[in-house]
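Structure data (compact mmCIF, C-alpha atoms) from start06.txt:
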# COMPACT_ATOMS: atom_id res chain seq x y z
CA MET B 1 1.60 -2.88 15.20
CA HIS B 2 1.37 -6.45 13.89
CA ALA B 3 3.55 -9.34 14.85
CA GLU B 4 7.18 -8.76 13.90
CA PRO B 5 7.64 -11.72 11.49
CA ILE B 6 4.58 -10.53 9.57
CA GLU B 7 6.01 -7.01 9.40
CA ASP B 8 9.35 -8.43 8.20
CA LEU B 9 7.62 -10.36 5.46
CA VAL B 10 5.64 -7.28 4.34
CA ARG B 11 8.83 -5.20 4.29
CA LEU B 12 10.74 -7.77 2.21
CA LEU B 13 7.94 -8.41 -0.27
CA ALA B 14 7.53 -4.65 -0.72
CA ARG B 15 11.09 -4.59 -2.09
CA LEU B 16 10.15 -6.77 -5.05
CA PRO B 17 9.56 -4.89 -8.30
CA GLY B 18 5.87 -4.20 -8.87
CA LEU B 19 4.93 -4.48 -5.20
CA GLY B 20 4.55 -1.58 -2.79
CA PRO B 21 3.80 -1.66 0.95
CA ARG B 22 0.06 -1.85 0.28
CA SER B 23 0.16 -4.74 -2.19
CA ALA B 24 2.81 -6.49 -0.08
CA ARG B 25 0.37 -6.46 2.84
CA ARG B 26 -2.34 -7.97 0.66
CA ALA B 27 0.10 -10.61 -0.58
CA VAL B 28 1.15 -11.52 2.96
CA LEU B 29 -2.46 -11.95 4.04
CA ALA B 30 -3.14 -14.13 0.99
CA LEU B 31 -0.16 -16.27 2.07
CA LEU B 32 -1.19 -16.48 5.72
CA LYS B 33 -4.75 -17.40 4.84
CA ARG B 34 -3.66 -20.27 2.62
CA PRO B 35 -0.73 -21.83 4.47
CA ASP B 36 -0.98 -25.28 2.90
CA THR B 37 -1.76 -24.37 -0.69
CA LEU B 38 0.33 -21.20 -1.01
CA LEU B 39 2.71 -20.36 1.84
CA VAL B 40 4.34 -23.77 2.26
CA PRO B 41 4.71 -24.46 -1.51
CA LEU B 42 6.17 -20.97 -1.99
CA LEU B 43 8.57 -21.61 0.86
CA ALA B 44 9.68 -24.88 -0.76
CA ALA B 45 10.10 -23.27 -4.20
CA LEU B 46 12.15 -20.40 -2.75
CA GLU B 47 14.29 -22.80 -0.79
CA ARG B 48 14.97 -24.91 -3.87
CA CYS B 49 15.87 -21.82 -5.88
CA ALA B 50 18.17 -20.53 -3.14
CA ARG B 51 19.89 -23.91 -2.98
CA GLU B 52 20.00 -24.94 -6.62
CA VAL B 53 20.03 -21.93 -8.91
CA ARG B 54 23.45 -20.69 -9.92
CA ARG B 55 24.94 -18.31 -12.45
CA CYS B 56 26.51 -19.85 -15.56
CA SER B 57 30.23 -19.07 -15.56
CA ILE B 58 30.28 -18.99 -19.36
CA CYS B 59 27.29 -16.83 -20.30
CA GLY B 60 25.88 -15.42 -17.04
CA ASN B 61 22.48 -17.14 -17.37
CA LEU B 62 20.71 -18.40 -14.23
CA ASP B 63 20.18 -22.16 -14.22
CA LEU B 64 20.48 -25.30 -12.09
CA SER B 65 23.81 -26.24 -13.63
CA ASP B 66 27.03 -24.46 -14.45
CA PRO B 67 27.55 -24.37 -17.45
CA CYS B 68 23.84 -23.73 -18.05
CA ALA B 69 21.56 -25.90 -20.20
CA ILE B 70 21.98 -23.55 -23.18
CA CYS B 71 25.79 -23.54 -23.01
CA ARG B 72 25.82 -27.34 -22.63
CA ASP B 73 23.35 -27.99 -25.47
CA PRO B 74 25.34 -29.35 -28.45
CA ALA B 75 22.38 -28.59 -30.73
CA ARG B 76 22.75 -24.82 -30.20
CA GLU B 77 24.72 -22.95 -32.80
CA GLY B 78 28.23 -22.33 -31.46
CA MET B 79 29.10 -19.60 -33.92
CA GLN B 80 26.64 -17.02 -32.56
CA ILE B 81 26.66 -15.15 -29.27
CA LEU B 82 23.73 -12.87 -28.55
CA VAL B 83 24.60 -10.23 -25.96
CA VAL B 84 21.77 -9.10 -23.68
CA GLU B 85 21.65 -6.77 -20.69
CA GLN B 86 19.64 -8.96 -18.33
CA VAL B 87 18.56 -12.56 -17.78
CA GLU B 88 14.97 -11.45 -18.44
CA ASP B 89 16.06 -10.43 -21.96
CA LEU B 90 17.46 -13.93 -22.49
CA TRP B 91 14.15 -15.40 -21.27
CA ALA B 92 12.21 -13.11 -23.65
CA MET B 93 14.46 -14.19 -26.54
CA GLU B 94 13.96 -17.87 -25.67
CA ARG B 95 10.18 -17.38 -25.50
CA ALA B 96 10.33 -15.86 -29.00
CA GLY B 97 11.95 -19.16 -29.96
CA SER B 98 13.69 -18.07 -33.14
CA TYR B 99 17.27 -17.79 -31.85
CA LYS B 100 19.29 -20.98 -31.69
CA GLY B 101 22.75 -19.72 -30.70
CA ARG B 102 24.47 -18.98 -27.37
CA TYR B 103 24.27 -15.96 -25.09
CA HIS B 104 26.28 -13.51 -23.03
CA VAL B 105 24.37 -11.85 -20.20
CA LEU B 106 26.00 -8.55 -19.18
CA GLY B 107 23.91 -8.05 -16.04
CA GLY B 108 23.42 -4.36 -16.82
CA THR B 109 24.90 -1.55 -18.87
CA LEU B 110 28.09 0.42 -18.25
CA SER B 111 27.23 2.83 -15.47
CA ALA B 112 29.42 4.95 -13.25
CA VAL B 113 26.48 5.53 -10.90
CA ASP B 114 25.82 1.83 -10.33
CA ALA B 115 29.58 1.05 -10.33
CA LEU B 116 29.16 -1.24 -13.33
CA GLY B 117 32.36 -1.35 -15.38
CA PRO B 118 33.66 -3.77 -18.03
CA GLU B 119 34.73 -6.18 -15.28
CA GLU B 120 31.24 -6.41 -13.73
CA LEU B 121 29.71 -6.95 -17.18
CA GLY B 122 32.16 -9.77 -17.97
CA VAL B 123 33.46 -8.05 -21.09
CA ASP B 124 36.85 -9.84 -20.99
CA ARG B 125 35.01 -13.15 -20.86
CA LEU B 126 32.93 -12.19 -23.91
CA VAL B 127 35.98 -11.00 -25.86
CA ALA B 128 37.85 -14.22 -25.01
CA ARG B 129 34.92 -16.34 -26.24
CA ALA B 130 34.71 -14.31 -29.44
CA ALA B 131 38.48 -14.59 -30.03
CA GLU B 132 38.40 -18.37 -29.63
CA ARG B 133 36.37 -18.91 -32.79
CA PRO B 134 37.35 -16.69 -35.73
CA GLY B 135 34.32 -15.68 -37.81
CA ILE B 136 31.87 -16.02 -34.90
CA GLU B 137 28.91 -13.60 -34.96
CA VAL B 138 28.33 -11.43 -31.89
CA ILE B 139 24.79 -9.99 -31.97
CA LEU B 140 24.45 -6.93 -29.72
CA ALA B 141 20.83 -7.12 -28.51
CA LEU B 142 20.95 -4.25 -26.04
CA GLY B 143 18.14 -1.84 -25.36
CA ALA B 144 17.60 1.07 -27.74
CA THR B 145 18.36 3.45 -24.88
CA VAL B 146 21.28 5.80 -24.30
CA ALA B 147 22.84 3.41 -21.76
CA GLY B 148 22.24 0.39 -24.01
CA GLN B 149 23.72 2.06 -27.07
CA THR B 150 26.73 3.46 -25.21
CA THR B 151 27.48 -0.03 -23.93
CA ALA B 152 26.94 -1.53 -27.40
CA HIS B 153 29.38 1.00 -28.84
CA TYR B 154 31.99 0.09 -26.21
CA LEU B 155 31.52 -3.64 -26.85
CA ALA B 156 31.87 -3.15 -30.61
CA GLU B 157 35.19 -1.38 -30.00
CA ARG B 158 36.46 -4.09 -27.67
CA LEU B 159 35.41 -6.80 -30.14
CA ALA B 160 37.10 -5.06 -33.07
CA GLY B 161 40.37 -6.75 -32.10
CA THR B 162 38.86 -10.23 -32.56
CA ARG B 163 37.77 -11.57 -35.91
CA ALA B 164 34.12 -11.59 -34.86
CA LEU B 165 31.32 -10.27 -37.04
CA VAL B 166 29.56 -7.77 -34.76
CA THR B 167 25.89 -7.09 -35.59
CA ARG B 168 22.94 -5.47 -33.84
CA LEU B 169 19.20 -6.16 -33.82
CA GLY B 170 17.14 -4.45 -36.51
CA TYR B 171 15.11 -1.39 -35.57
CA GLY B 172 11.59 -0.82 -36.82
CA LEU B 173 7.90 -1.27 -36.33
CA PRO B 174 7.02 -3.73 -33.53
CA VAL B 175 4.85 -6.53 -34.91
CA GLY B 176 1.23 -5.61 -34.18
CA GLY B 177 2.25 -2.02 -33.48
CA GLU B 178 0.09 0.82 -34.70
CA LEU B 179 1.80 3.75 -36.34
CA ASN B 180 0.06 6.45 -34.37
CA TYR B 181 1.21 5.03 -31.04
CA LEU B 182 4.88 4.93 -32.02
CA ASP B 183 7.46 7.51 -31.11
CA GLU B 184 9.26 9.53 -33.78
CA GLY B 185 12.59 7.72 -33.27
CA THR B 186 11.07 4.33 -34.04
CA LEU B 187 9.19 5.68 -37.05
CA ALA B 188 12.37 7.25 -38.44
CA ALA B 189 14.29 3.99 -37.88
CA ALA B 190 11.51 1.95 -39.50
CA LEU B 191 11.51 4.27 -42.53
CA GLN B 192 15.26 3.95 -42.90
CA ALA B 193 15.03 0.15 -42.62
CA ARG B 194 12.34 -0.09 -45.31
CA ARG B 195 12.47 -2.97 -47.80
CA PRO B 196 11.00 -3.60 -51.21
CA VAL B 197 7.69 -5.47 -51.04
CA ALA B 198 8.27 -8.97 -52.45
CA MET X 1 11.76 -23.43 -20.87
CA HIS X 2 13.64 -22.34 -17.73
CA ALA X 3 14.72 -24.52 -14.89
CA GLU X 4 11.78 -26.14 -13.13
CA PRO X 5 12.28 -24.63 -9.63
CA ILE X 6 12.36 -21.17 -11.21
CA GLU X 7 9.14 -21.92 -13.10
CA ASP X 8 7.54 -23.18 -9.87
CA LEU X 9 8.49 -19.99 -8.09
CA VAL X 10 7.10 -17.82 -10.91
CA ARG X 11 3.85 -19.81 -10.92
CA LEU X 12 3.41 -19.50 -7.14
CA LEU X 13 4.26 -15.80 -6.96
CA ALA X 14 1.83 -15.16 -9.83
CA ARG X 15 -0.95 -16.43 -7.56
CA LEU X 16 -0.41 -13.59 -5.09
CA PRO X 17 -2.89 -10.70 -5.42
CA GLY X 18 -1.45 -7.87 -7.47
CA LEU X 19 1.07 -10.05 -9.31
CA GLY X 20 0.57 -11.59 -12.74
CA PRO X 21 2.89 -13.95 -14.66
CA ARG X 22 4.87 -11.01 -16.00
CA SER X 23 5.47 -9.24 -12.71
CA ALA X 24 6.09 -12.59 -10.99
CA ARG X 25 8.91 -13.24 -13.46
CA ARG X 26 10.42 -9.85 -12.70
CA ALA X 27 10.09 -10.52 -8.97
CA VAL X 28 11.79 -13.92 -9.29
CA LEU X 29 14.70 -12.40 -11.19
CA ALA X 30 15.03 -9.68 -8.57
CA LEU X 31 15.21 -12.44 -5.95
CA LEU X 32 17.72 -14.58 -7.86
CA LYS X 33 19.97 -11.61 -8.50
CA ARG X 34 20.11 -10.66 -4.83
CA PRO X 35 20.33 -13.98 -3.02
CA ASP X 36 21.96 -12.66 0.16
CA THR X 37 20.07 -9.42 0.62
CA LEU X 38 16.64 -10.47 -0.64
CA LEU X 39 16.08 -14.17 -1.34
CA VAL X 40 17.56 -15.59 1.88
CA PRO X 41 15.95 -12.97 4.19
CA LEU X 42 12.59 -13.51 2.45
CA LEU X 43 12.99 -17.24 2.90
CA ALA X 44 13.67 -16.77 6.61
CA ALA X 45 10.70 -14.41 7.07
CA LEU X 46 8.35 -16.81 5.26
CA GLU X 47 9.60 -19.72 7.30
CA ARG X 48 9.06 -17.84 10.54
CA CYS X 49 5.56 -16.86 9.49
CA ALA X 50 4.73 -20.41 8.44
CA ARG X 51 5.97 -21.69 11.78
CA GLU X 52 4.79 -19.02 14.19
CA VAL X 53 1.70 -17.26 12.88
CA ARG X 54 -1.61 -18.73 13.99
CA ARG X 55 -5.27 -17.76 13.97
CA CYS X 56 -6.72 -16.47 17.25
CA SER X 57 -9.40 -18.92 18.40
CA ILE X 58 -11.35 -16.09 20.03
CA CYS X 59 -11.48 -13.38 17.36
CA GLY X 60 -9.95 -14.90 14.20
CA ASN X 61 -7.03 -12.42 14.04
CA LEU X 62 -3.62 -13.64 12.80
CA ASP X 63 -0.87 -13.36 15.41
CA LEU X 64 2.02 -15.22 17.02
CA SER X 65 -0.06 -16.26 20.00
CA ASP X 66 -3.50 -17.74 20.53
CA PRO X 67 -5.33 -15.81 22.01
CA CYS X 68 -3.88 -12.92 19.99
CA ALA X 69 -2.23 -9.84 21.49
CA ILE X 70 -5.44 -7.82 21.18
CA CYS X 71 -7.59 -10.45 22.94
CA ARG X 72 -4.99 -10.83 25.69
CA ASP X 73 -4.52 -7.08 26.24
CA PRO X 74 -6.26 -6.16 29.53
CA ALA X 75 -6.16 -2.49 28.50
CA ARG X 76 -8.55 -3.08 25.57
CA GLU X 77 -12.20 -2.37 26.23
CA GLY X 78 -13.95 -5.70 26.86
CA MET X 79 -17.47 -4.37 26.28
CA GLN X 80 -17.02 -3.73 22.55
CA ILE X 81 -16.63 -6.20 19.69
CA LEU X 82 -16.03 -4.78 16.23
CA VAL X 83 -16.97 -7.25 13.50
CA VAL X 84 -14.92 -7.08 10.27
CA GLU X 85 -14.88 -9.22 7.14
CA GLN X 86 -11.13 -9.72 6.84
CA VAL X 87 -7.90 -9.49 8.82
CA GLU X 88 -6.87 -6.60 6.54
CA ASP X 89 -9.89 -4.64 7.81
CA LEU X 90 -8.70 -5.23 11.38
CA TRP X 91 -5.23 -4.00 10.38
CA ALA X 92 -6.74 -0.89 8.74
CA MET X 93 -8.78 -0.21 11.89
CA GLU X 94 -5.68 -0.61 14.08
CA ARG X 95 -3.73 1.76 11.83
CA ALA X 96 -6.51 4.33 12.27
CA GLY X 97 -5.81 3.91 16.00
CA SER X 98 -9.11 5.20 17.38
CA TYR X 99 -10.73 1.88 18.32
CA LYS X 100 -9.75 0.38 21.64
CA GLY X 101 -12.09 -2.61 21.91
CA ARG X 102 -11.95 -6.24 20.73
CA TYR X 103 -12.65 -7.77 17.32
CA HIS X 104 -14.38 -10.60 15.53
CA VAL X 105 -12.94 -11.46 12.10
CA LEU X 106 -15.52 -13.24 9.95
CA GLY X 107 -13.08 -14.24 7.20
CA GLY X 108 -15.57 -13.23 4.50
CA THR X 109 -19.26 -12.64 3.96
CA LEU X 110 -22.08 -15.17 3.71
CA SER X 111 -21.74 -16.66 0.25
CA ALA X 112 -23.31 -19.75 -1.28
CA VAL X 113 -20.80 -19.58 -4.16
CA ASP X 114 -17.74 -19.62 -1.89
CA ALA X 115 -19.42 -22.10 0.51
CA LEU X 116 -19.18 -19.59 3.35
CA GLY X 117 -22.00 -20.17 5.86
CA PRO X 118 -22.49 -19.07 9.48
CA GLU X 119 -20.19 -21.87 10.62
CA GLU X 120 -17.25 -20.75 8.46
CA LEU X 121 -17.71 -17.16 9.64
CA GLY X 122 -17.70 -18.21 13.31
CA VAL X 123 -21.13 -16.69 13.97
CA ASP X 124 -21.89 -19.03 16.91
CA ARG X 125 -18.61 -17.98 18.49
CA LEU X 126 -19.53 -14.30 18.09
CA VAL X 127 -23.04 -14.83 19.50
CA ALA X 128 -21.61 -16.74 22.47
CA ARG X 129 -19.15 -13.93 23.21
CA ALA X 130 -21.93 -11.35 22.96
CA ALA X 131 -24.23 -13.40 25.22
CA GLU X 132 -21.52 -13.73 27.87
CA ARG X 133 -21.57 -10.02 28.71
CA PRO X 134 -25.00 -8.39 28.79
CA GLY X 135 -24.93 -4.83 27.49
CA ILE X 136 -21.87 -5.41 25.29
CA GLU X 137 -21.74 -3.37 22.06
CA VAL X 138 -21.29 -5.26 18.77
CA ILE X 139 -20.22 -2.87 16.03
CA LEU X 140 -20.87 -4.27 12.56
CA ALA X 141 -18.06 -2.81 10.44
CA LEU X 142 -18.74 -4.70 7.23
CA GLY X 143 -18.35 -3.30 3.74
CA ALA X 144 -21.11 -1.11 2.33
CA THR X 145 -21.67 -3.73 -0.37
CA VAL X 146 -24.61 -6.06 -1.00
CA ALA X 147 -22.70 -9.02 0.44
CA GLY X 148 -21.52 -6.99 3.44
CA GLN X 149 -24.95 -5.64 4.21
CA THR X 150 -26.71 -9.00 3.76
CA THR X 151 -24.24 -10.51 6.23
CA ALA X 152 -24.66 -7.56 8.63
CA HIS X 153 -28.42 -8.06 8.51
CA TYR X 154 -28.07 -11.76 9.29
CA LEU X 155 -25.68 -11.03 12.18
CA ALA X 156 -28.06 -8.44 13.62
CA GLU X 157 -30.84 -11.05 13.60
CA ARG X 158 -28.66 -13.65 15.25
CA LEU X 159 -27.53 -11.16 17.89
CA ALA X 160 -31.07 -10.04 18.66
CA GLY X 161 -31.40 -12.96 21.08
CA THR X 162 -28.49 -11.69 23.19
CA ARG X 163 -28.63 -8.49 25.18
CA ALA X 164 -26.00 -6.85 22.98
CA LEU X 165 -26.31 -3.34 21.59
CA VAL X 166 -25.80 -3.85 17.85
CA THR X 167 -24.51 -0.82 15.94
CA ARG X 168 -22.98 -0.18 12.54
CA LEU X 169 -20.37 2.26 11.25
CA GLY X 170 -21.64 5.65 10.17
CA TYR X 171 -22.03 6.35 6.45
CA GLY X 172 -21.04 9.62 4.90
CA LEU X 173 -18.39 11.72 3.28
CA PRO X 174 -14.88 10.19 3.46
CA VAL X 175 -12.47 12.61 5.15
CA GLY X 176 -10.69 14.51 2.40
CA GLY X 177 -13.30 13.41 -0.14
CA GLU X 178 -14.58 15.83 -2.73
CA LEU X 179 -18.30 15.94 -3.37
CA ASN X 180 -18.11 15.73 -7.13
CA TYR X 181 -16.16 12.45 -7.03
CA LEU X 182 -18.67 10.68 -4.77
CA ASP X 183 -21.37 8.30 -5.90
CA GLU X 184 -25.04 9.12 -5.34
CA GLY X 185 -25.47 6.45 -2.63
CA THR X 186 -22.76 7.97 -0.46
CA LEU X 187 -24.10 11.49 -1.00
CA ALA X 188 -27.61 10.40 -0.05
CA ALA X 189 -26.27 8.62 3.05
CA ALA X 190 -24.19 11.66 4.01
CA LEU X 191 -27.21 13.92 3.64
CA GLN X 192 -29.29 11.65 5.83
CA ALA X 193 -26.51 11.50 8.45
CA ARG X 194 -26.20 15.31 8.61
CA ARG X 195 -25.61 16.94 11.97
CA PRO X 196 -26.06 20.43 13.35
CA VAL X 197 -22.88 22.48 13.14
CA ALA X 198 -21.62 22.98 16.67
Would you write out, as structure tokens, the structure that this file holds?
Amino acid sequence: MHAEPIEDLVRLLARLPGLGPRSARRAVLALLKRPDTLLVPLLAALERCAREVRRCSICGNLDLSDPCAICRDPAREGMQILVVEQVEDLWAMERAGSYKGRYHVLGGTLSAVDALGPEELGVDRLVARAAERPGIEVILALGATVAGQTTAHYLAERLAGTRALVTRLGYGLPVGGELNYLDEGTLAAALQARRPVA
Amino acid sequence: MHAEPIEDLVRLLARLPGLGPRSARRAVLALLKRPDTLLVPLLAALERCAREVRRCSICGNLDLSDPCAICRDPAREGMQILVVEQVEDLWAMERAGSYKGRYHVLGGTLSAVDALGPEELGVDRLVARAAERPGIEVILALGATVAGQTTAHYLAERLAGTRALVTRLGYGLPVGGELNYLDEGTLAAALQARRPVA
């Protein structure tokens, strides 16, 4: 019905997570109504990202340089690698601000359906990094889901051959979480991880 | 924290309706992970829209040509102008498919806060079009809101000088609507608009 480039734009935006055809249409109209303050700047930002953003060949992070800023930062602890499923998990960890080591981004979990095997997740690369520095700590920060835990289990086995200390994130009550909104699994894990009050 | 072009892209996408900072971040990652199938096509579609889409100088529609396809279509009824607030209302009307006349897109409602006066809404242009063809019908299809109805009232006054027949959309039960979910205003309007059963 509408002009074809507008339809194309709606169709592409609708493929972004969180947007459906309806909200994509609204977004496109917002763009078309504000060409100078929204459409053109967005175009420039996308173009720059398409041209400049690359994947770090060491850890799998997305950045303007390869190796990425984290891998190149001499101030970051070299004896810790935190393994996450996705770049968004790395971003979340960085926002939290308490981790000062390096990363390995898997890009997913082992999955026959999505054709994600050890090669796609860069497991050999991770094992090689771990083997390079005896005594390094590899923190498995995967999701507390079946897929996340299966993958964590596989990684722990693969890392057993190195002299790395393999750990996982603690389970328990989320900070600010209310007991009656939590599922039974979390409550059981929090009980098991209880500590004496100082 | 992240690379500046990525932050720019997140910030700009977060300004689209329906997206917040969180969903914009997810959208950016989806784009960066699929450069060839998503980012580059989106870039091309945006670029084409930025370059080719323009506002119709007759009706205010967005299209690739000025006058737009609807204004240029000789098959569309020339003796009807349907006045809508936004381009999305025109799109909705076209999807419904039952209207075969022309349009006038106001681009909003009269609003002192948003600095939208008769000039911004193209009222003179609408009045001139109505005056050109005596007996033309101007259908006020504005929202059943205070702002919509205030604007409709003003337009009716301005059009009184022309020989246009000014009408408004009927009020009543939405098709598929259930009585017990409707507000009192709609129910009262539907009762008043009752018709004999054929």
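As for atom CA of Ala189 of chain B and atom CA of Arg168 of chain B, they are spaced 13.4 Å apart.
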Item to complete: Dump as number ranges by chain the residues of chain X that approach chain B to within 9 Å, counting all atoms listed in the file.
Response: X: 1-6, 8-9, 12-13, 15-19, 23-33, 35, 38-50, 52-54, 62-64, 69, 87-88, 91, 94-95
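A search radius of 10 Å centred on (-17.2, -15.8, 8.4), applied to all atoms listed in the file, returns the residues Gly60, Val83, Val84, Glu85, Gln86, His104, Val105, Leu106, Gly107, Gly108, Thr109, Leu110, Ser111, Leu116, Gly117, Pro118, Glu119, Glu120, Leu121, Gly122, Val123 and Thr151 of chain X.
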Let me have the centre and edge lengths in Å, one decimal, of the box along x, y and z around every listed atom of segment 1-18 of chain B with 8 Å of margin on each side, as JSON.
{"center_x": 6.2, "center_y": -7.3, "center_z": 3.2, "size_x": 25.7, "size_y": 24.8, "size_z": 40.1}
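Distance-wise, atom CA of Val127 of chain B and atom CA of Arg158 of chain B end up 7.2 Å apart.
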Worksheet item: Quick one: of B:Met79, B:Leu169, B:Val113, B:Ala131, who's nearest to Ala144 of chain B, counting only C-alpha atoms?
Response: B:Leu169
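Closest approach to Ala75 of chain X among X:Lys100, X:Gln149, X:Arg194, X:Ala156 is made by X:Lys100 (distances from all atoms listed in the file).
Closest approach to Gly185 of chain B among B:Leu142, B:Leu173, B:Met93, B:Leu126 is made by B:Leu173 (distances from only C-alpha atoms).
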Worksheet item: How many Å separate atom CA of Ala188 of chain X from atom CA of Gly170 of chain X?
Response: 12.8 Å
Practice prompt. Name the residues in contact with Glu132 of chain B at a cut-off of 12 Å, using only C-alpha atoms, excluding same-chain residues fewer than 6 positions from it; report them as a PyMOL selection string.
Written response: chain B and resi 78-79+125-126+159+162-164
Fill in: Nearby residues (all atoms listed in the file) at most 6 Å from Gln80 of chain X, same-chain spacing under 4 positions excluded, as a list in words
Gly101, Arg102, Ile136, Glu137 and Val138 of chain X
